[in-house]
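For reference, the structure is listed below as structure tokens.
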Amino acid sequence: MDKHALDVLEFDKIKEQLKEHITSKLTETFVKNMKPATDLDYIIARQEEVTQAKKILTREDEPPLAGIRDIRSYLKKVDKEMVLAGEELLSILNTLITAHRLNNYFLSLEDEDDEYYRITKLATSLGRFKKLERSIKSALDNQGNVKDSASSKLREIRTEMRKSSDQIKDKLNSMINSNRYQKYIQEQVVTIRDERYVIPIKREYQQKFPGIVHDQSASGQTVFIEPMPIVKLNNKLRQLMSQEEQEVYRILQELSFKVKAKLKEIKDTVQILSILDFIFAKARYSLELDAAEPLLSQEGNVDLIKARHPLLTEDVVPIDVHLGDDFNTLVITGPNTGGKTVTLKTVGLLTLMAQSGLHIPALSGSKIGVFEQIYADIGDEQSIEQNLSTFSSHMKQITKIIDQVEDDSLVLLDELGAGTDPVEGAALAMSLLDYLHQKSAKTVATTHYSELKTYAYNNQGVENASVEFDVETLQPTYNLQMGLPGRSNAFEVASRLGLKDEVIEKASQFLNQEDARLDQVIKEIESDKREYHDKKEEAEEKRQQVERLKDEYETKLKNLEERKEKELKEAYREANKVIKRAQQQAKGIIEELKEKQQLSDREIEATKSKLREGRKEVKQKANELAEEAKQARQIPELKVGDQVKVRNLNKEGEVIELYAEKEEAVVQAGIMKLNVDLRELEKIKSSKQKNEKKTNANSIKATKSRNISPKLDLRGLRALEAKNKLDKYLDDAMLTNLNQAEIIHGKGTGTLREVVHETLGQYPGVREYRLGRPKEGGTGVTIVNF
């Protein structure tokens with residue numbers, strides 16, 4: 001990629017911002033070497049990695065990346081069969097433990113839909129070094145010192161050393177406290193010189209105190225003497241120290257050889273760890289920028305929606321930019337400080353970011369072209385060293401672009417043709433744009449020249465754009481308008497600033513009539529556009545109002561139909577009750593009359609006939625009510641294979657044939673095949689789906705219950721990261737019926753504490769919360785009861 005373009009678009013500043021999100025110095029190399037790629041599949045893979053890592057950061061606990069150390073130099077030493085120091089072996093151990101934890105972390109993620117597949121594939125290829133970890137752990141303490149227990153020989157040597165040391169100290173202390181030597185001793189302390197125990201003696205008594213002089217004070221008034229009675233003891237201690245040193249070296253050598261035996265696997269693991277750290281750094285950067293994964297176009301099409309320049313810190317006006325579908329050249333006009341150059345840089349920098357595998361600060365659905373080369377001529381390029389004017393410097397860069405440009409290039413030109421005679425500059429600018437257009441390069445150029453506005457109108461594949469200027473406030477709005485050139489506001493601005501009308505009128509007479517007409521046309525288009533925009537907003541408001549009314553009507557209609565069906569069902573049930581009561585009453589009357597023998601068999605049969613007629617009439621009415629209820633129902637959207645419930649039979653089955661024109665379906669209900677009216681069917685979930693859902697829910701709950709901790713540590717996180725992590729933790733805690741939790745936010749500035757309390761205050765499952773008592777961590781901890 002062209003170095004000049006990377007420099008003027010400030011790509012290195014993006015790297016600096018990204019570097020703030022890595023957790024290991026090891027990853028700095030990846031950030032430093034990050035550059036735009038040109039292979040579409042490679043870029044898509046890198047973009048997907050960031051998207052998946054971003055999902056993990058927002059949904060899951062933070063991955064344990066913090067223990068990664070830069071151990072490359074130690075591995076090189078091992079490769080050369082050099083013996084590592086304890087601290088170096090400890091760094092290797094911490095890195096291997098981090099790999100182990102990461103492997104377990106990613107294996108425990110619930111990812112039924114394979115949403116994290118690129119990340120988990122990387123993480124599960126991390127090596128496991130349990131045996132090596134145990135060896136180093138058992139030999140070294142937390143400071144990298146070799147433990148006494150590292151070998152039985154070392155334990156014996158150090159036990160002897162402690163005994164000898166104690167024996168020497170006892171003997172020296174008895175000498176110090178002896179009346180015989182009181183006047184010789186400068187200070188009643190035992191100290192060490194040349195790794196031998198000595199006592200401080202006044203210089204004038206040096207000859208009277210038998211022993212070996214090892215040192216003297218800076219003033220010369222004190223000499224440090226090893227008394228003769230302990231010389232043998234000191235010699236023995238030195239021998240033991242030498243033996244200890246040899247045994248420690250042997251242990252470190254043995255551990256170093258064990259590391260060498262796994263050298264290739266460790267190197268591969270370190271590489272994967274740094275890649276994972278790099279990916280998650282890009283994901284954190286995406287969250288910081290509120291960025292999104294772009295769509296990628298091999299044809300070089302650009303469609304940015306609400307794009308923002310990532311290096312601007314103040315309120316940024318987002319822009320929409322299109323390039324490549326109907327036109328390959330975009331000419332942007334507008335006032336100085338109006339945002340033309342920012343627009344140019346935004347297009348260029350977001351393209352570099354996307355091709356480097358970074359998300360871009362624009363709305364999801366934005367599209368970025370993949371270019372083999374990006375060329376840029378931006379800003380005041382005046383060169384004092386080469387004694388070149390602004391125009392000459394621009395031309396030098398443009399000449400290089402013209403010589404190298406191809407159809408898969410993106411060219412960004414700022415203030416094209418500036419710095420020379422306006423007529424010649426405009427002519428040269430149009431010629432350059434013509435050449436780039438013929439080369440099929442994608443070009444975005446900014447200019448002041450009115451001639452280029454006309455050029456864009458008159459040439460196929462070239463489009464105008466402009467940045468708005470508010471004449472009322474005399475300020476640019478920084479809003480980019482596609483399809484509309486910027487017009488000169490000089491006369492309006494001069495008038496608002498108080499210049500006499502007669503001067504402005506005279507000035508307008510000097511204006512080229514064609515330019516004046518063009519300016520007037522643009523003014524009218526802007527006016528029409530504003531009117532259209534206002535009407536569009538009004539229409540959108542009315543559309544939303546209609547949608548609300550429609551939703552309200554549909555809800556009421558649905559409620560009415562449900563109520564009507566419910567009432568019809570009630571009437572149907574009531575009718576059935578009437579029939580049953582009538583049957584029971586008739587049966588009772590007949591039995592009673594029979595017993596009293598007051599009616600003949602013929603009269604009884606006539607009574608039964610009348611009762612049958614009445615029952616038939618009631619049943620017919622009930623059927624009419626049921627049919628009316630059925631007709632009132634909506635026909636459900638069904639397809640073959642759907643699980644359904646047959647309302648009138650209260651049976652479940654599967655649709656095996658469908659006849660939409662007849663409004664009928666064939667349903668397999670157990671061993672029976674039924675022809676059923678579609679209105680009698682209700683779509684349901686299969687028992688298998690219900691069981692799966694229940695099993696999945698239980699599985700998730702069981703997994704959470706195993707993994708949830710009653711403590712959550714948020715120290716060191718940004719406010720947004722802390723809030724996201726706390727929200728997820730509260731959900732998990734509620735899922736596992738946790739009664740109480742401890743949220744550790746630290747004391748610090750109090751910002752994290754405020755975020756925690758605000759989140760807890762809004763969470764419905766929290767019964768109460770309070771700051772910790774002194775023994776619980778005080779104001780650095782919040783205790784939550786659910």
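Every chain in the structure tokens takes a letter, A first, then B, and so on in the order presented; its residues are numbered from 1, and the ligands are numbered from 1 following the presented order.
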**Asked** Residues of segment 273-459 of chain A in alpha helix (DSSP H) according to DSSP, as a PyMOL selection string?
**Response** chain A and resi 273-289+340-355+390-404+422-438+450-458
What are the closest atom pairs, with distances in Å to one decimal, for each residue of segment 296-373 of chain A lying within 8 Å of segment 21-40 of chain A, using only C-alpha atoms, rows by chain and rising residue number, as a tab-separated table?
residue	atom	partner	partner_atom	distance
A:Leu296	CA	A:Leu40	CA	7.6
A:Gln298	CA	A:Leu40	CA	6.8
A:Leu352	CA	A:Pro36	CA	5.7
A:Met353	CA	A:Pro36	CA	7.1
A:Ala354	CA	A:Pro36	CA	7.7
A:Gln355	CA	A:Pro36	CA	4.6
A:Ser356	CA	A:Pro36	CA	4.2
A:Gly357	CA	A:Pro36	CA	7.7
A:Val370	CA	A:Thr38	CA	6.3
A:Phe371	CA	A:Thr38	CA	6.4
A:Glu372	CA	A:Thr38	CA	5.7
**Request:** May I have the residues within 10 Å of segment 656-658 of chain A as a PyMOL selection string, using only C-alpha atoms and disregarding those fewer than 3 positions away in the same chain?
**Result:** chain A and resi 638-643+653+661-668+673-676+678
Selection export as a short mmCIF file (atom, residue, chain, number, x, y, z; two decimals), in the first residue's frame, atoms kept: all heavy atoms:
data_model
loop_
_atom_site.label_atom_id
_atom_site.label_comp_id
_atom_site.auth_asym_id
_atom_site.auth_seq_id
_atom_site.Cartn_x
_atom_site.Cartn_y
_atom_site.Cartn_z
N LEU A 638 -50.14 -22.44 7.14
CA LEU A 638 -49.61 -23.78 7.40
C LEU A 638 -48.87 -24.31 6.19
O LEU A 638 -49.08 -23.86 5.06
CB LEU A 638 -50.76 -24.74 7.76
CG LEU A 638 -51.55 -24.44 9.04
CD1 LEU A 638 -52.77 -25.35 9.12
CD2 LEU A 638 -50.67 -24.62 10.26
N LYS A 639 -48.00 -25.29 6.45
CA LYS A 639 -47.33 -26.02 5.37
C LYS A 639 -47.24 -27.48 5.77
O LYS A 639 -47.39 -27.82 6.97
CB LYS A 639 -45.95 -25.44 5.09
CG LYS A 639 -44.97 -25.52 6.23
CD LYS A 639 -43.65 -24.88 5.82
CE LYS A 639 -42.61 -25.02 6.92
NZ LYS A 639 -42.96 -24.28 8.13
N VAL A 640 -47.01 -28.33 4.79
CA VAL A 640 -46.89 -29.77 5.06
C VAL A 640 -45.74 -30.00 6.03
O VAL A 640 -44.66 -29.46 5.87
CB VAL A 640 -46.65 -30.55 3.74
CG1 VAL A 640 -46.36 -32.02 4.04
CG2 VAL A 640 -47.87 -30.43 2.83
N GLY A 641 -46.01 -30.80 7.08
CA GLY A 641 -45.00 -31.07 8.10
C GLY A 641 -45.24 -30.32 9.39
O GLY A 641 -44.64 -30.65 10.42
N ASP A 642 -46.11 -29.27 9.36
CA ASP A 642 -46.39 -28.50 10.57
C ASP A 642 -47.17 -29.34 11.58
O ASP A 642 -48.02 -30.16 11.22
CB ASP A 642 -47.20 -27.24 10.24
CG ASP A 642 -46.32 -26.13 9.68
OD1 ASP A 642 -45.09 -26.26 9.78
OD2 ASP A 642 -46.87 -25.17 9.12
N GLN A 643 -46.88 -29.12 12.87
CA GLN A 643 -47.62 -29.75 13.96
C GLN A 643 -48.84 -28.88 14.28
O GLN A 643 -48.72 -27.67 14.41
CB GLN A 643 -46.74 -29.89 15.21
CG GLN A 643 -45.52 -30.77 15.01
CD GLN A 643 -45.88 -32.22 14.74
OE1 GLN A 643 -46.72 -32.80 15.44
NE2 GLN A 643 -45.27 -32.81 13.72
N GLY A 653 -51.73 -33.44 15.77
CA GLY A 653 -51.29 -34.24 14.64
C GLY A 653 -50.35 -33.46 13.74
O GLY A 653 -49.91 -32.36 14.07
N GLU A 661 -56.98 -24.17 -1.82
CA GLU A 661 -58.18 -23.68 -2.53
C GLU A 661 -59.46 -24.19 -1.88
O GLU A 661 -60.50 -23.53 -1.88
CB GLU A 661 -58.11 -24.05 -4.02
CG GLU A 661 -58.16 -25.55 -4.34
CD GLU A 661 -56.81 -26.26 -4.11
OE1 GLU A 661 -55.82 -25.56 -3.83
OE2 GLU A 661 -56.77 -27.50 -4.21
N LYS A 662 -59.42 -25.40 -1.29
CA LYS A 662 -60.60 -25.95 -0.61
C LYS A 662 -60.63 -25.57 0.86
O LYS A 662 -61.59 -25.90 1.56
CB LYS A 662 -60.58 -27.49 -0.71
CG LYS A 662 -60.74 -28.04 -2.12
CD LYS A 662 -60.74 -29.56 -2.06
CE LYS A 662 -60.85 -30.18 -3.43
NZ LYS A 662 -60.82 -31.66 -3.37
N GLU A 663 -59.57 -24.89 1.32
CA GLU A 663 -59.43 -24.55 2.74
C GLU A 663 -59.52 -25.80 3.61
O GLU A 663 -60.17 -25.81 4.65
CB GLU A 663 -60.48 -23.51 3.16
CG GLU A 663 -60.32 -22.18 2.42
CD GLU A 663 -61.31 -21.13 2.88
OE1 GLU A 663 -62.20 -21.47 3.68
OE2 GLU A 663 -61.19 -19.98 2.41
N GLU A 664 -58.82 -26.87 3.15
CA GLU A 664 -58.82 -28.13 3.87
C GLU A 664 -57.39 -28.66 3.99
O GLU A 664 -56.52 -28.30 3.21
CB GLU A 664 -59.67 -29.19 3.14
CG GLU A 664 -61.15 -29.06 3.38
CD GLU A 664 -61.92 -30.22 2.75
OE1 GLU A 664 -61.30 -31.12 2.15
OE2 GLU A 664 -63.14 -30.21 2.89
N ALA A 665 -57.20 -29.55 4.96
CA ALA A 665 -55.91 -30.22 5.12
C ALA A 665 -56.16 -31.64 5.56
O ALA A 665 -57.17 -31.95 6.20
CB ALA A 665 -55.05 -29.49 6.14
N VAL A 666 -55.21 -32.54 5.22
CA VAL A 666 -55.25 -33.92 5.73
C VAL A 666 -54.26 -33.98 6.88
O VAL A 666 -53.08 -33.65 6.72
CB VAL A 666 -54.87 -34.93 4.63
CG1 VAL A 666 -54.88 -36.34 5.20
CG2 VAL A 666 -55.83 -34.82 3.45
N VAL A 667 -54.76 -34.38 8.05
CA VAL A 667 -53.93 -34.40 9.27
C VAL A 667 -53.79 -35.85 9.75
O VAL A 667 -54.78 -36.57 9.85
CB VAL A 667 -54.58 -33.54 10.38
CG1 VAL A 667 -53.75 -33.65 11.66
CG2 VAL A 667 -54.69 -32.09 9.93
N GLN A 668 -52.52 -36.24 10.01
CA GLN A 668 -52.25 -37.56 10.60
C GLN A 668 -52.26 -37.39 12.11
O GLN A 668 -51.37 -36.79 12.70
CB GLN A 668 -50.88 -38.06 10.14
CG GLN A 668 -50.52 -39.44 10.66
CD GLN A 668 -51.17 -40.56 9.84
OE1 GLN A 668 -51.09 -40.55 8.63
NE2 GLN A 668 -51.83 -41.48 10.52
N LYS A 673 -56.16 -40.69 9.80
CA LYS A 673 -55.98 -39.59 8.85
C LYS A 673 -57.31 -38.86 8.77
O LYS A 673 -58.36 -39.46 8.53
CB LYS A 673 -55.60 -40.12 7.47
CG LYS A 673 -54.15 -40.57 7.37
CD LYS A 673 -53.80 -40.94 5.93
CE LYS A 673 -52.36 -41.45 5.85
NZ LYS A 673 -52.04 -41.86 4.46
N LEU A 674 -57.27 -37.54 9.00
CA LEU A 674 -58.50 -36.76 9.07
C LEU A 674 -58.49 -35.65 8.02
O LEU A 674 -57.48 -34.97 7.84
CB LEU A 674 -58.65 -36.12 10.46
CG LEU A 674 -58.52 -37.05 11.66
CD1 LEU A 674 -58.42 -36.22 12.93
CD2 LEU A 674 -59.73 -37.97 11.73
N ASN A 675 -59.61 -35.47 7.32
CA ASN A 675 -59.80 -34.29 6.47
C ASN A 675 -60.42 -33.20 7.33
O ASN A 675 -61.53 -33.37 7.85
CB ASN A 675 -60.73 -34.62 5.29
CG ASN A 675 -59.97 -35.30 4.17
OD1 ASN A 675 -59.37 -36.34 4.40
ND2 ASN A 675 -59.97 -34.70 2.99
N VAL A 676 -59.69 -32.08 7.50
CA VAL A 676 -60.11 -31.07 8.46
C VAL A 676 -60.15 -29.70 7.79
O VAL A 676 -59.26 -29.34 6.99
CB VAL A 676 -59.13 -31.00 9.67
CG1 VAL A 676 -59.68 -30.07 10.74
CG2 VAL A 676 -58.90 -32.38 10.24
N LEU A 678 -59.44 -25.91 7.52
CA LEU A 678 -58.25 -25.18 8.00
C LEU A 678 -58.56 -24.33 9.23
O LEU A 678 -57.69 -24.10 10.08
CB LEU A 678 -57.66 -24.30 6.90
CG LEU A 678 -57.00 -25.05 5.74
CD1 LEU A 678 -56.52 -24.07 4.68
CD2 LEU A 678 -55.82 -25.88 6.22
#
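When atom CA of Val411 of chain A is paired with atom CA of Ala292 of chain A, their separation reads 24.2 Å.
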**Prompt:** Between A:Gly220, A:Gly765, A:Gly461, A:Gly127, which one has atoms that come closest to Asp325 of chain A, using only C-alpha atoms?
**Reply:** A:Gly461
**Long-range neighbours of segment 262-277 of chain A as a list in words, 8 Å cut-off, only C-alpha atoms, 3 positions minimum in chain** = Ile22, Thr23, Ser24, Leu26, Thr27, Phe30, Leu65, Ile68, Arg72, Leu75, Asp79, Thr95, Leu96, Ala99, Ile119, Leu122, Ala123, Ser125, Leu126, Gly127, Lys258, Val259, Phe280 and Ala281 of chain A
Residues from last step as file, N, CA, C and O atoms, as an mmCIF file, in the first residue's frame:
data_model
loop_
_atom_site.group_PDB
_atom_site.id
_atom_site.type_symbol
_atom_site.label_atom_id
_atom_site.label_comp_id
_atom_site.auth_asym_id
_atom_site.auth_seq_id
_atom_site.Cartn_x
_atom_site.Cartn_y
_atom_site.Cartn_z
ATOM 1 N N ILE A 22 -4.457 -3.783 23.845
ATOM 2 C CA ILE A 22 -3.809 -5.093 23.956
ATOM 3 C C ILE A 22 -3.450 -5.357 25.417
ATOM 4 O O ILE A 22 -3.291 -4.421 26.202
ATOM 5 N N THR A 23 -3.319 -6.620 25.787
ATOM 6 C CA THR A 23 -3.011 -6.959 27.182
ATOM 7 C C THR A 23 -1.571 -7.425 27.350
ATOM 8 O O THR A 23 -1.102 -7.556 28.472
ATOM 9 N N SER A 24 -0.867 -7.688 26.244
ATOM 10 C CA SER A 24 0.503 -8.196 26.336
ATOM 11 C C SER A 24 1.432 -7.436 25.397
ATOM 12 O O SER A 24 1.039 -7.078 24.283
ATOM 13 N N LEU A 26 3.719 -8.714 23.921
ATOM 14 C CA LEU A 26 3.907 -9.652 22.821
ATOM 15 C C LEU A 26 3.098 -9.236 21.587
ATOM 16 O O LEU A 26 3.531 -9.424 20.452
ATOM 17 N N THR A 27 1.924 -8.659 21.808
ATOM 18 C CA THR A 27 0.998 -8.334 20.715
ATOM 19 C C THR A 27 1.381 -7.045 20.000
ATOM 20 O O THR A 27 0.843 -6.748 18.921
ATOM 21 N N PHE A 30 2.179 -7.413 16.373
ATOM 22 C CA PHE A 30 1.040 -7.552 15.457
ATOM 23 C C PHE A 30 0.460 -6.187 15.099
ATOM 24 O O PHE A 30 0.101 -5.934 13.948
ATOM 25 N N LEU A 65 -7.067 -13.209 29.398
ATOM 26 C CA LEU A 65 -5.881 -12.966 28.569
ATOM 27 C C LEU A 65 -4.740 -12.308 29.340
ATOM 28 O O LEU A 65 -3.637 -12.153 28.816
ATOM 29 N N ILE A 68 -0.573 -13.332 29.740
ATOM 30 C CA ILE A 68 0.358 -13.591 28.629
ATOM 31 C C ILE A 68 1.631 -12.772 28.819
ATOM 32 O O ILE A 68 1.575 -11.569 29.040
ATOM 33 N N ARG A 72 9.443 -14.719 24.112
ATOM 34 C CA ARG A 72 10.166 -15.110 22.898
ATOM 35 C C ARG A 72 11.678 -15.171 23.116
ATOM 36 O O ARG A 72 12.353 -16.085 22.643
ATOM 37 N N LEU A 75 12.633 -18.306 24.958
ATOM 38 C CA LEU A 75 12.564 -19.499 24.106
ATOM 39 C C LEU A 75 13.777 -19.575 23.182
ATOM 40 O O LEU A 75 14.262 -20.672 22.871
ATOM 41 N N ASP A 79 16.460 -22.599 23.017
ATOM 42 C CA ASP A 79 16.799 -23.210 21.732
ATOM 43 C C ASP A 79 18.317 -23.345 21.577
ATOM 44 O O ASP A 79 18.806 -24.254 20.903
ATOM 45 N N THR A 95 2.497 -17.956 31.231
ATOM 46 C CA THR A 95 1.958 -17.934 29.864
ATOM 47 C C THR A 95 1.264 -19.252 29.542
ATOM 48 O O THR A 95 0.173 -19.255 28.938
ATOM 49 N N LEU A 96 1.857 -20.360 29.935
ATOM 50 C CA LEU A 96 1.241 -21.673 29.681
ATOM 51 C C LEU A 96 -0.053 -21.842 30.476
ATOM 52 O O LEU A 96 -1.032 -22.414 29.982
ATOM 53 N N ALA A 99 -2.733 -19.991 28.675
ATOM 54 C CA ALA A 99 -3.207 -20.784 27.532
ATOM 55 C C ALA A 99 -4.188 -21.862 27.999
ATOM 56 O O ALA A 99 -5.230 -22.092 27.377
ATOM 57 N N ILE A 119 -13.063 -18.085 16.567
ATOM 58 C CA ILE A 119 -12.304 -17.866 17.800
ATOM 59 C C ILE A 119 -12.067 -19.192 18.518
ATOM 60 O O ILE A 119 -10.949 -19.494 18.956
ATOM 61 N N LEU A 122 -9.403 -21.347 16.957
ATOM 62 C CA LEU A 122 -8.064 -20.877 17.337
ATOM 63 C C LEU A 122 -7.721 -21.311 18.762
ATOM 64 O O LEU A 122 -6.652 -21.861 19.029
ATOM 65 N N ALA A 123 -8.661 -21.035 19.682
ATOM 66 C CA ALA A 123 -8.393 -21.259 21.106
ATOM 67 C C ALA A 123 -8.213 -22.738 21.428
ATOM 68 O O ALA A 123 -7.378 -23.098 22.255
ATOM 69 N N SER A 125 -6.898 -24.910 19.651
ATOM 70 C CA SER A 125 -5.614 -25.416 19.141
ATOM 71 C C SER A 125 -4.449 -24.995 20.041
ATOM 72 O O SER A 125 -3.296 -25.291 19.748
ATOM 73 N N LEU A 126 -4.757 -24.285 21.144
ATOM 74 C CA LEU A 126 -3.724 -23.960 22.122
ATOM 75 C C LEU A 126 -3.200 -25.241 22.763
ATOM 76 O O LEU A 126 -3.976 -26.147 23.078
ATOM 77 N N GLY A 127 -1.885 -25.308 22.964
ATOM 78 C CA GLY A 127 -1.292 -26.504 23.550
ATOM 79 C C GLY A 127 -1.631 -26.647 25.026
ATOM 80 O O GLY A 127 -1.921 -25.665 25.705
ATOM 81 N N LYS A 258 13.341 -29.456 29.854
ATOM 82 C CA LYS A 258 11.931 -29.854 29.692
ATOM 83 C C LYS A 258 11.177 -28.864 28.810
ATOM 84 O O LYS A 258 10.312 -29.251 28.025
ATOM 85 N N VAL A 259 11.517 -27.570 28.963
ATOM 86 C CA VAL A 259 10.914 -26.543 28.095
ATOM 87 C C VAL A 259 11.357 -26.771 26.658
ATOM 88 O O VAL A 259 10.552 -26.692 25.716
ATOM 89 N N PHE A 280 -9.002 -9.696 20.122
ATOM 90 C CA PHE A 280 -9.837 -9.097 21.161
ATOM 91 C C PHE A 280 -9.523 -7.609 21.349
ATOM 92 O O PHE A 280 -10.401 -6.840 21.743
ATOM 93 N N ALA A 281 -8.284 -7.200 21.060
ATOM 94 C CA ALA A 281 -7.956 -5.765 21.080
ATOM 95 C C ALA A 281 -8.763 -5.042 19.999
ATOM 96 O O ALA A 281 -9.318 -3.961 20.231
#
